[in-house]
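Shown below: run_7.csv, with CSV, C-alpha atoms.
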chain,number,residue,atom,x,y,z
C,1,MET,CA,-18.8,-10.8,-4.7
C,2,LEU,CA,-16.3,-8.9,-6.8
C,3,LYS,CA,-15.0,-10.4,-10.0
C,4,PRO,CA,-12.5,-11.9,-10.7
C,5,GLU,CA,-12.1,-13.6,-7.3
C,6,SER,CA,-8.6,-12.9,-6.1
C,7,TYR,CA,-6.4,-14.8,-3.7
C,8,ILE,CA,-2.9,-13.8,-2.4
C,9,LEU,CA,0.2,-16.0,-2.3
C,10,ARG,CA,2.8,-14.5,0.0
C,11,ILE,CA,6.3,-15.9,-0.8
C,12,GLY,CA,9.7,-15.1,0.6
C,13,HIS,CA,8.3,-14.4,4.1
C,14,ARG,CA,11.0,-14.6,6.8
C,15,PRO,CA,9.5,-15.1,10.3
C,16,GLU,CA,10.5,-12.2,12.6
C,17,ARG,CA,11.8,-9.9,9.9
C,18,ASP,CA,8.7,-9.8,7.7
C,19,GLN,CA,5.9,-10.3,10.2
C,20,ARG,CA,4.6,-6.7,10.1
C,21,VAL,CA,4.8,-6.4,6.3
C,22,THR,CA,3.1,-9.7,5.7
C,23,THR,CA,0.4,-8.8,8.2
C,24,HIS,CA,-0.1,-5.6,6.2
C,25,VAL,CA,-0.3,-7.6,3.0
C,26,GLY,CA,-3.0,-9.8,4.4
C,27,LEU,CA,-5.1,-7.1,6.0
C,28,SER,CA,-4.8,-4.8,3.0
C,29,SER,CA,-5.9,-7.5,0.6
C,30,ARG,CA,-8.8,-8.4,2.9
C,31,ALA,CA,-9.9,-4.7,3.0
C,32,LEU,CA,-9.7,-4.4,-0.7
C,33,GLY,CA,-11.7,-7.4,-1.8
C,34,ALA,CA,-9.4,-10.4,-1.9
C,35,SER,CA,-10.8,-13.7,-0.6
C,36,GLY,CA,-7.8,-15.0,1.3
C,37,MET,CA,-4.1,-15.5,1.6
C,38,TYR,CA,-1.8,-18.5,1.3
C,39,LEU,CA,1.4,-18.0,3.3
C,40,ALA,CA,4.4,-19.9,1.9
C,41,ALA,CA,6.2,-20.0,5.2
C,42,ASP,CA,5.5,-21.4,8.7
C,43,ASP,CA,4.4,-18.5,10.7
C,44,GLN,CA,1.2,-19.3,12.6
C,45,LYS,CA,1.4,-16.1,14.6
C,46,VAL,CA,1.0,-14.0,11.5
C,47,ALA,CA,-1.8,-16.2,10.2
C,48,ASP,CA,-3.6,-16.0,13.5
C,49,SER,CA,-3.2,-12.3,13.8
C,50,ILE,CA,-4.8,-11.8,10.3
C,51,ALA,CA,-7.5,-14.3,11.1
C,52,ASP,CA,-8.3,-12.5,14.3
C,53,VAL,CA,-8.9,-9.1,12.6
C,54,ALA,CA,-10.9,-10.9,9.9
C,55,HIS,CA,-13.1,-12.4,12.5
C,56,ARG,CA,-13.7,-9.2,14.4
C,57,PHE,CA,-14.3,-7.0,11.4
C,58,GLY,CA,-16.4,-9.5,9.4
C,59,GLY,CA,-16.4,-11.2,6.1
C,60,THR,CA,-14.9,-14.6,5.1
C,61,TYR,CA,-11.3,-13.8,4.4
C,62,PHE,CA,-9.0,-16.7,5.4
C,63,CYS,CA,-5.2,-17.1,5.9
C,64,GLU,CA,-3.7,-20.5,5.3
C,65,ASN,CA,-0.3,-21.0,7.0
C,66,ASN,CA,2.7,-23.0,5.6
C,67,VAL,CA,1.7,-23.8,2.0
C,68,LYS,CA,4.3,-24.9,-0.5
C,69,TRP,CA,4.4,-22.1,-3.0
C,70,LYS,CA,4.9,-24.1,-6.2
C,71,SER,CA,2.2,-26.6,-5.4
C,72,CYS,CA,-0.1,-23.8,-4.5
C,73,ILE,CA,0.5,-22.2,-7.9
C,74,ASN,CA,0.1,-25.5,-9.7
C,75,THR,CA,-3.1,-26.4,-8.0
C,76,PHE,CA,-4.5,-23.0,-8.6
C,77,LYS,CA,-3.7,-23.2,-12.3
C,78,ARG,CA,-5.1,-26.8,-12.6
C,79,ASN,CA,-8.4,-25.4,-11.2
C,80,GLY,CA,-8.6,-22.8,-14.0
C,81,GLY,CA,-7.1,-19.8,-12.2
C,82,LYS,CA,-4.5,-17.4,-13.6
C,83,VAL,CA,-1.3,-16.3,-11.7
C,84,VAL,CA,-0.4,-12.6,-11.4
C,85,HIS,CA,3.1,-11.9,-10.1
C,86,LEU,CA,3.6,-8.3,-8.8
C,87,THR,CA,7.1,-7.1,-9.6
C,88,MET,CA,8.6,-3.8,-10.4
C,89,TYR,CA,10.1,-5.3,-13.6
C,90,GLY,CA,6.8,-6.4,-15.1
C,91,LEU,CA,4.4,-4.9,-17.6
C,92,ARG,CA,2.6,-1.7,-16.6
C,93,LEU,CA,-0.5,-2.2,-14.5
C,94,GLN,CA,-2.5,0.3,-16.6
C,95,ASP,CA,-1.7,-1.7,-19.8
C,96,VAL,CA,-2.5,-5.2,-18.6
C,97,ILE,CA,-5.3,-4.7,-16.1
C,98,PRO,CA,-8.1,-4.7,-18.7
C,99,LYS,CA,-7.1,-8.2,-19.8
C,100,ILE,CA,-6.8,-9.4,-16.2
C,101,ARG,CA,-10.3,-8.2,-15.4
C,102,THR,CA,-11.7,-10.8,-17.8
C,103,GLU,CA,-10.2,-13.7,-15.9
C,104,GLU,CA,-12.4,-15.9,-13.6
C,105,LYS,CA,-10.1,-16.0,-10.7
C,106,ILE,CA,-6.5,-15.0,-10.0
C,107,LEU,CA,-3.7,-15.8,-7.6
C,108,VAL,CA,-1.7,-12.6,-6.8
C,109,VAL,CA,1.9,-13.5,-5.9
C,110,VAL,CA,3.4,-11.0,-3.5
C,111,GLY,CA,7.1,-11.5,-2.9
C,112,ALA,CA,9.4,-10.2,-0.2
C,113,GLU,CA,12.9,-9.0,-1.2
C,114,LYS,CA,14.1,-12.1,-2.9
C,115,VAL,CA,11.9,-13.9,-5.4
C,116,PRO,CA,12.9,-17.2,-7.1
C,117,GLY,CA,13.9,-16.7,-10.8
C,118,ASP,CA,11.3,-19.2,-12.1
C,119,MET,CA,8.5,-17.2,-10.6
C,120,TYR,CA,8.6,-14.9,-13.7
C,121,GLU,CA,8.1,-18.0,-15.9
C,122,LEU,CA,5.3,-19.5,-13.8
C,123,ALA,CA,3.3,-16.3,-13.8
C,124,ASP,CA,0.6,-15.7,-16.5
C,125,TYR,CA,1.1,-12.0,-15.9
C,126,ASN,CA,4.2,-10.2,-14.4
C,127,VAL,CA,2.7,-6.8,-13.4
C,128,ALA,CA,4.5,-3.7,-12.3
C,129,VAL,CA,3.0,-0.7,-10.4
C,130,ALA,CA,5.1,2.2,-11.7
C,131,ASN,CA,8.3,0.3,-12.5
C,132,GLN,CA,9.8,2.0,-9.5
C,133,PRO,CA,11.0,0.5,-6.2
C,134,HIS,CA,8.4,1.0,-3.5
C,135,SER,CA,6.5,-1.6,-1.5
C,136,GLU,CA,4.7,-4.8,-2.1
C,137,ILE,CA,1.9,-3.5,0.1
C,138,SER,CA,1.2,-0.4,-2.0
C,139,ALA,CA,1.7,-2.4,-5.3
C,140,LEU,CA,-0.9,-4.9,-4.1
C,141,ALA,CA,-3.3,-2.2,-3.0
C,142,LEU,CA,-3.2,-0.4,-6.3
C,143,PHE,CA,-3.4,-3.7,-8.2
C,144,LEU,CA,-6.7,-4.6,-6.4
C,145,ASP,CA,-8.1,-1.1,-6.7
C,146,HIS,CA,-7.5,-1.0,-10.4
C,147,LEU,CA,-8.7,-4.6,-10.8
C,148,TYR,CA,-12.0,-3.8,-9.1
C,149,GLU,CA,-12.1,-0.2,-10.4
C,150,GLY,CA,-12.8,1.2,-6.9
C,151,ALA,CA,-15.9,-1.0,-6.3
C,152,GLU,CA,-14.0,-2.7,-3.5
C,153,LEU,CA,-14.3,0.6,-1.5
C,154,GLU,CA,-18.0,-0.1,-1.3
C,155,LEU,CA,-17.7,-3.6,0.2
C,156,THR,CA,-19.4,-4.4,3.4
C,157,PHE,CA,-18.2,-7.2,5.7
C,158,PRO,CA,-21.0,-9.4,7.0
C,159,ASP,CA,-21.1,-10.6,10.6
C,160,ALA,CA,-18.7,-8.0,11.9
C,161,GLU,CA,-18.4,-7.7,15.7
C,162,LEU,CA,-16.9,-4.3,15.3
C,163,GLU,CA,-17.8,-1.7,12.7
C,164,VAL,CA,-16.3,1.7,12.0
C,165,LEU,CA,-18.5,4.5,10.9
C,166,PRO,CA,-17.1,7.3,8.7
C,167,THR,CA,-16.6,10.4,10.9
C,168,ALA,CA,-15.3,13.9,10.1
C,169,ILE,CA,-13.4,14.3,13.5
C,170,GLY,CA,-12.8,11.5,16.0
C,171,LYS,CA,-13.8,7.9,16.1
C,172,THR,CA,-17.2,6.1,15.9
C,173,THR,CA,-17.4,2.4,16.3
C,174,VAL,CA,-20.4,0.1,16.6
C,175,LYS,CA,-20.2,-3.2,18.5
C,176,HIS,CA,-22.5,-5.9,17.2
C,177,ASP,CA,-23.7,-8.8,19.3
C,178,GLU,CA,-21.7,-11.8,18.2
C,179,HIS,CA,-24.7,-14.0,17.7
C,180,HIS,CA,-27.5,-11.8,16.5
C,181,GLY,CA,-25.8,-8.9,14.8
C,182,ASP,CA,-27.6,-6.3,16.9
C,183,GLU,CA,-26.1,-3.1,18.1
C,184,ALA,CA,-24.7,-3.6,21.6
Q,1,MET,CA,4.0,18.3,-12.0
Q,2,LEU,CA,0.9,16.7,-10.6
Q,3,LYS,CA,-1.6,18.9,-8.8
Q,4,PRO,CA,-2.2,19.3,-5.9
Q,5,GLU,CA,1.4,19.0,-4.8
Q,6,SER,CA,1.6,16.5,-2.0
Q,7,TYR,CA,3.9,16.0,0.9
Q,8,ILE,CA,4.0,13.3,3.6
Q,9,LEU,CA,4.3,13.8,7.3
Q,10,ARG,CA,5.2,10.5,9.0
Q,11,ILE,CA,4.3,10.5,12.7
Q,12,GLY,CA,4.6,7.9,15.5
Q,13,HIS,CA,7.7,6.3,13.9
Q,14,ARG,CA,9.6,4.2,16.4
Q,15,PRO,CA,13.2,3.6,15.3
Q,16,GLU,CA,14.0,-0.1,14.9
Q,17,ARG,CA,10.4,-1.3,15.0
Q,18,ASP,CA,9.0,0.9,12.2
Q,19,GLN,CA,12.0,1.3,9.9
Q,20,ARG,CA,10.7,-1.0,7.2
Q,21,VAL,CA,7.2,0.3,7.2
Q,22,THR,CA,8.3,3.9,7.2
Q,23,THR,CA,10.7,3.2,4.4
Q,24,HIS,CA,7.8,1.7,2.4
Q,25,VAL,CA,5.7,4.8,3.2
Q,26,GLY,CA,8.5,7.0,1.8
Q,27,LEU,CA,9.2,5.0,-1.3
Q,28,SER,CA,5.6,4.5,-2.1
Q,29,SER,CA,4.7,8.1,-1.9
Q,30,ARG,CA,7.7,9.0,-4.1
Q,31,ALA,CA,6.7,6.4,-6.7
Q,32,LEU,CA,3.1,7.7,-6.7
Q,33,GLY,CA,3.7,11.4,-7.1
Q,34,ALA,CA,4.4,13.0,-3.7
Q,35,SER,CA,7.2,15.6,-3.5
Q,36,GLY,CA,8.8,14.5,-0.2
Q,37,MET,CA,8.5,13.3,3.3
Q,38,TYR,CA,9.0,14.9,6.7
Q,39,LEU,CA,9.9,12.3,9.3
Q,40,ALA,CA,8.8,13.2,12.8
Q,41,ALA,CA,11.4,11.1,14.5
Q,42,ASP,CA,15.2,11.0,14.6
Q,43,ASP,CA,16.1,8.1,12.3
Q,44,GLN,CA,18.7,9.3,9.9
Q,45,LYS,CA,19.2,5.7,8.6
Q,46,VAL,CA,15.6,5.6,7.2
Q,47,ALA,CA,15.9,9.1,5.7
Q,48,ASP,CA,19.2,8.1,4.0
Q,49,SER,CA,17.9,4.9,2.7
Q,50,ILE,CA,14.9,6.7,1.1
Q,51,ALA,CA,17.2,9.4,-0.3
Q,52,ASP,CA,19.5,6.8,-1.7
Q,53,VAL,CA,16.7,5.2,-3.8
Q,54,ALA,CA,15.4,8.6,-4.8
Q,55,HIS,CA,18.9,9.5,-6.1
Q,56,ARG,CA,19.4,6.3,-8.0
Q,57,PHE,CA,15.9,6.2,-9.6
Q,58,GLY,CA,15.6,9.9,-10.3
Q,59,GLY,CA,13.3,12.8,-9.5
Q,60,THR,CA,13.5,15.4,-6.8
Q,61,TYR,CA,11.8,13.5,-3.8
Q,62,PHE,CA,13.3,14.5,-0.5
Q,63,CYS,CA,13.2,13.1,3.0
Q,64,GLU,CA,13.7,15.4,6.0
Q,65,ASN,CA,14.7,13.8,9.2
Q,66,ASN,CA,13.7,14.7,12.7
Q,67,VAL,CA,11.0,17.4,12.3
Q,68,LYS,CA,8.6,18.4,15.0
Q,69,TRP,CA,5.2,17.2,13.9
Q,70,LYS,CA,3.1,20.1,15.2
Q,71,SER,CA,5.3,22.8,13.9
Q,72,CYS,CA,5.5,21.0,10.6
Q,73,ILE,CA,1.7,21.1,10.4
Q,74,ASN,CA,1.5,24.7,11.5
Q,75,THR,CA,4.1,25.9,9.1
Q,76,PHE,CA,2.4,24.0,6.3
Q,77,LYS,CA,-0.9,25.6,7.1
Q,78,ARG,CA,0.5,29.1,7.4
Q,79,ASN,CA,1.9,28.7,3.9
Q,80,GLY,CA,-1.6,28.0,2.6
Q,81,GLY,CA,-1.5,24.2,2.6
Q,82,LYS,CA,-4.2,21.8,3.8
Q,83,VAL,CA,-3.7,18.8,6.1
Q,84,VAL,CA,-5.1,15.4,5.3
Q,85,HIS,CA,-4.9,12.8,8.0
Q,86,LEU,CA,-5.3,9.2,6.9
Q,87,THR,CA,-7.2,7.2,9.5
Q,88,MET,CA,-9.6,4.2,9.4
Q,89,TYR,CA,-12.1,6.3,11.4
Q,90,GLY,CA,-12.3,9.2,8.9
Q,91,LEU,CA,-14.6,10.1,6.1
Q,92,ARG,CA,-14.7,7.8,3.0
Q,93,LEU,CA,-12.0,8.4,0.5
Q,94,GLN,CA,-14.4,8.3,-2.4
Q,95,ASP,CA,-16.6,10.9,-0.8
Q,96,VAL,CA,-14.0,13.5,0.0
Q,97,ILE,CA,-11.4,13.1,-2.7
Q,98,PRO,CA,-13.1,15.4,-5.3
Q,99,LYS,CA,-12.9,18.3,-2.8
Q,100,ILE,CA,-9.3,17.5,-1.9
Q,101,ARG,CA,-8.3,17.6,-5.6
Q,102,THR,CA,-9.2,21.3,-5.7
Q,103,GLU,CA,-6.6,22.2,-3.0
Q,104,GLU,CA,-3.3,23.8,-4.0
Q,105,LYS,CA,-1.0,21.6,-1.8
Q,106,ILE,CA,-1.6,19.1,0.8
Q,107,LEU,CA,0.3,17.5,3.7
Q,108,VAL,CA,-0.7,13.9,4.1
Q,109,VAL,CA,-0.2,12.7,7.7
Q,110,VAL,CA,0.5,9.0,8.0
Q,111,GLY,CA,0.5,7.6,11.6
Q,112,ALA,CA,1.9,4.4,13.0
Q,113,GLU,CA,-0.1,2.6,15.6
Q,114,LYS,CA,-0.6,5.4,18.0
Q,115,VAL,CA,-1.7,8.8,16.9
Q,116,PRO,CA,-2.2,11.8,19.3
Q,117,GLY,CA,-5.8,12.6,19.8
Q,118,ASP,CA,-5.5,16.2,18.7
Q,119,MET,CA,-4.4,15.1,15.3
Q,120,TYR,CA,-8.0,14.6,14.4
Q,121,GLU,CA,-8.7,18.3,15.2
Q,122,LEU,CA,-5.6,19.6,13.5
Q,123,ALA,CA,-6.5,18.0,10.2
Q,124,ASP,CA,-8.5,19.7,7.6
Q,125,TYR,CA,-9.6,16.3,6.4
Q,126,ASN,CA,-9.7,13.0,8.2
Q,127,VAL,CA,-9.8,10.4,5.4
Q,128,ALA,CA,-10.4,6.7,5.6
Q,129,VAL,CA,-9.6,4.1,3.0
Q,130,ALA,CA,-12.3,1.5,3.5
Q,131,ASN,CA,-13.0,2.1,7.2
Q,132,GLN,CA,-11.3,-1.2,7.8
Q,133,PRO,CA,-8.0,-2.0,9.6
Q,134,HIS,CA,-5.2,-2.6,7.1
Q,135,SER,CA,-2.0,-0.7,6.5
Q,136,GLU,CA,-0.9,2.9,6.4
Q,137,ILE,CA,1.1,2.0,3.3
Q,138,SER,CA,-1.9,0.8,1.3
Q,139,ALA,CA,-4.1,3.6,2.6
Q,140,LEU,CA,-1.5,6.1,1.4
Q,141,ALA,CA,-1.1,4.4,-2.0
Q,142,LEU,CA,-4.8,4.4,-2.7
Q,143,PHE,CA,-5.1,8.0,-1.5
Q,144,LEU,CA,-2.5,9.2,-3.9
Q,145,ASP,CA,-3.8,7.1,-6.8
Q,146,HIS,CA,-7.3,8.5,-6.3
Q,147,LEU,CA,-6.0,12.0,-5.8
Q,148,TYR,CA,-4.1,11.9,-9.1
Q,149,GLU,CA,-6.7,9.6,-10.8
Q,150,GLY,CA,-4.0,7.3,-12.1
Q,151,ALA,CA,-2.0,10.0,-13.8
Q,152,GLU,CA,0.9,9.3,-11.3
Q,153,LEU,CA,1.4,5.9,-13.0
Q,154,GLU,CA,2.6,7.8,-16.1
Q,155,LEU,CA,5.2,9.8,-14.2
Q,156,THR,CA,8.8,9.8,-15.3
Q,157,PHE,CA,11.7,10.5,-13.0
Q,158,PRO,CA,14.4,12.8,-14.5
Q,159,ASP,CA,18.1,12.1,-14.0
Q,160,ALA,CA,17.7,8.5,-13.0
Q,161,GLU,CA,20.9,6.5,-12.8
Q,162,LEU,CA,18.8,3.3,-13.1
Q,163,GLU,CA,15.7,2.8,-15.0
Q,164,VAL,CA,13.4,-0.3,-15.2
Q,165,LEU,CA,11.7,-1.1,-18.5
Q,166,PRO,CA,8.4,-2.9,-18.5
Q,167,THR,CA,9.0,-6.5,-19.4
Q,168,ALA,CA,6.7,-9.5,-19.9
Q,169,ILE,CA,9.0,-12.1,-18.4
Q,170,GLY,CA,12.3,-11.3,-16.6
Q,171,LYS,CA,14.0,-8.0,-15.8
Q,172,THR,CA,15.2,-5.2,-18.0
Q,173,THR,CA,17.2,-2.3,-16.5
Q,174,VAL,CA,19.0,0.6,-18.1
Q,175,LYS,CA,21.9,2.3,-16.5
Q,176,HIS,CA,22.4,5.9,-17.4
Q,177,ASP,CA,25.6,7.8,-17.2
Q,178,GLU,CA,25.4,9.9,-14.0
Q,179,HIS,CA,26.5,13.1,-15.7
Q,180,HIS,CA,25.0,13.0,-19.2
Q,181,GLY,CA,22.0,10.7,-18.9
Q,182,ASP,CA,23.2,8.5,-21.7
Q,183,GLU,CA,22.7,4.8,-21.9
Q,184,ALA,CA,25.7,3.0,-20.4
Structure re-expressed in structure tokens:
Amino acid sequence: MLKPESYILRIGHRPERDQRVTTHVGLSSRALGASGMYLAADDQKVADSIADVAHRFGGTYFCENNVKWKSCINTFKRNGGKVVHLTMYGLRLQDVIPKIRTEEKILVVVGAEKVPGDMYELADYNVAVANQPHSEISALALFLDHLYEGAELELTFPDAELEVLPTAIGKTTVKHDEHHGDEA
Amino acid sequence: MLKPESYILRIGHRPERDQRVTTHVGLSSRALGASGMYLAADDQKVADSIADVAHRFGGTYFCENNVKWKSCINTFKRNGGKVVHLTMYGLRLQDVIPKIRTEEKILVVVGAEKVPGDMYELADYNVAVANQPHSEISALALFLDHLYEGAELELTFPDAELEVLPTAIGKTTVKHDEHHGDEA
């Protein structure tokens, strides 16, 4: 497993409006080495859709629907974790990431457009990717890639039903038997 | 300027449904060193919204609405550029990026859910970020970051009206006079 362990807390999610972006947040973090996502909103459909991909493509990524964001943060801190808040106003990724790499486990808070003001105080690290407006998805992707220094691109996902093989032109997928992991 | 020059071609965009994701594609590529985006759909609202951010936060990023995707690719190739298609089925980013770094300029094709089959043939490089399903936004972000080896995080954007200064807790912004670039 990659170190530090990382978990995502998605806040400010508005059902309907944010479903696709939040799904991208979940799937991107799964693909790039995070262990799971806490969704601080009640949107079972998004949680199910992420869990469905995670099941088919392997690994142990989870998505927990409808958490309370402050108690999620407080519990995580009580258990020894540190909280990283991604915001375009924070300290530069390249300056703070060496320190963050020394932590045991981190909760990465990914906000939608509006973030409560006290989030900045609750965070152990407010981290910016480029101090420019862009996307919480790309900010999260770069954060995880710099955290794991590219090692996350070598991850394999155990017990996948469906596997994609790198291909120069076209698509190559392998279906594995659900119970034995054999090629179908 | 970062080398190789990079441009984005957004294909498969469906007005309404894809507006937020396409806007994230544009803003992320701007923040991470691309020169501009061609939008292969008629959605002036998205193009305007990206141009508006680009104007306020500086730099020369452009967004061109309503291009024809195939003629955009053909023109780019005729002018000596190479075409990179981001797809979860492609060759691994970490394996092909050293070669792509040697190109003069590249057009990065970013598809929505459905991509025409001949896109794979038209591309000089089909590139996958992790061979896992996630997000075209995170794939693009990691592609640009690996292309520029993190140098894009040191970019400055000339003639910004609004500038964000890295801050440990809270927000610090500087407004520049539009005509003289002085602090307001």
Rows by chain and residue number, chain C within 6 Å of chain Q, shortest pair, only C-alpha atoms, as CSV:
residue,atom,partner,partner_atom,distance
C:His24,CA,Q:Ser135,CA,5.3
C:Leu27,CA,Q:His134,CA,4.6
C:Ser28,CA,Q:His134,CA,4.7
C:Tyr89,CA,Q:Lys171,CA,5.2
C:Gly90,CA,Q:Thr167,CA,4.8
C:Leu91,CA,Q:Pro166,CA,4.6
C:Tyr120,CA,Q:Ile169,CA,5.5
C:Ala130,CA,Q:Leu153,CA,5.4
C:Asn131,CA,Q:Val164,CA,5.8
C:His134,CA,Q:Leu27,CA,4.6
C:Ser135,CA,Q:His24,CA,5.3
C:Ile137,CA,Q:Ser138,CA,5.9
C:Ser138,CA,Q:Ser138,CA,4.7
C:Ala141,CA,Q:Ser138,CA,5.4
C:Leu153,CA,Q:Ala130,CA,5.5
C:Val164,CA,Q:Asn131,CA,5.8
C:Pro166,CA,Q:Leu91,CA,4.6
C:Thr167,CA,Q:Gly90,CA,4.9
C:Ala168,CA,Q:Leu91,CA,5.6
C:Ile169,CA,Q:Tyr120,CA,5.5
C:Gly170,CA,Q:Tyr120,CA,5.9
C:Lys171,CA,Q:Tyr89,CA,5.2
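Atom CA of Q:Thr75 lies 16.6 Å from atom CA of Q:Glu103.
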Counting only C-alpha atoms, find residues at most 8 Å from (2.6, -17.0, -8.7) (file frame) and give them as a CSV table (one decimal) with C-alpha atoms, in the frame of the given file.
chain,number,residue,atom,x,y,z
C,9,LEU,CA,0.2,-16.0,-2.3
C,69,TRP,CA,4.4,-22.1,-3.0
C,70,LYS,CA,4.9,-24.1,-6.2
C,73,ILE,CA,0.5,-22.2,-7.9
C,83,VAL,CA,-1.3,-16.3,-11.7
C,84,VAL,CA,-0.4,-12.6,-11.4
C,85,HIS,CA,3.1,-11.9,-10.1
C,107,LEU,CA,-3.7,-15.8,-7.6
C,108,VAL,CA,-1.7,-12.6,-6.8
C,109,VAL,CA,1.9,-13.5,-5.9
C,110,VAL,CA,3.4,-11.0,-3.5
C,119,MET,CA,8.5,-17.2,-10.6
C,122,LEU,CA,5.3,-19.5,-13.8
C,123,ALA,CA,3.3,-16.3,-13.8
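What separates atom CA of Q:Pro15 from atom CA of C:Ala51 is a distance of 27.7 Å.
Taking atom CA of Q:Met1 as the reference point, atom CA of Q:His55 is found at 18.3 Å.
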Identify, on the basis of only C-alpha atoms, every residue whose closest approach to C:Gln44 does not exceed 12 Å; exclude the query and any residue fewer than 3 positions from it along the same chain; express the result as a ChimeraX atom specification.
-> /C:15-16,19,22-23,38-41,47-52,63-67
Who sits within 6 Å of C:Gly36, only C-alpha atoms, same chain under 6 positions skipped, as a PyMOL selection string | chain C and resi 7+61-63
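Residues with any atom within 9 Å of the point (-16.1, -8.9, -11.4), counting all atoms listed in the file, are C:Met1, C:Leu2, C:Lys3, C:Pro4, C:Glu5, C:Arg101, C:Thr102, C:Glu103, C:Glu104, C:Leu147, C:Tyr148.
Of the residues under consideration (C:Val46, C:Glu161, C:Lys77, C:Ile97), C:Val46 shows the shortest atom-to-atom contact distance to C:His13 when counting only C-alpha atoms.
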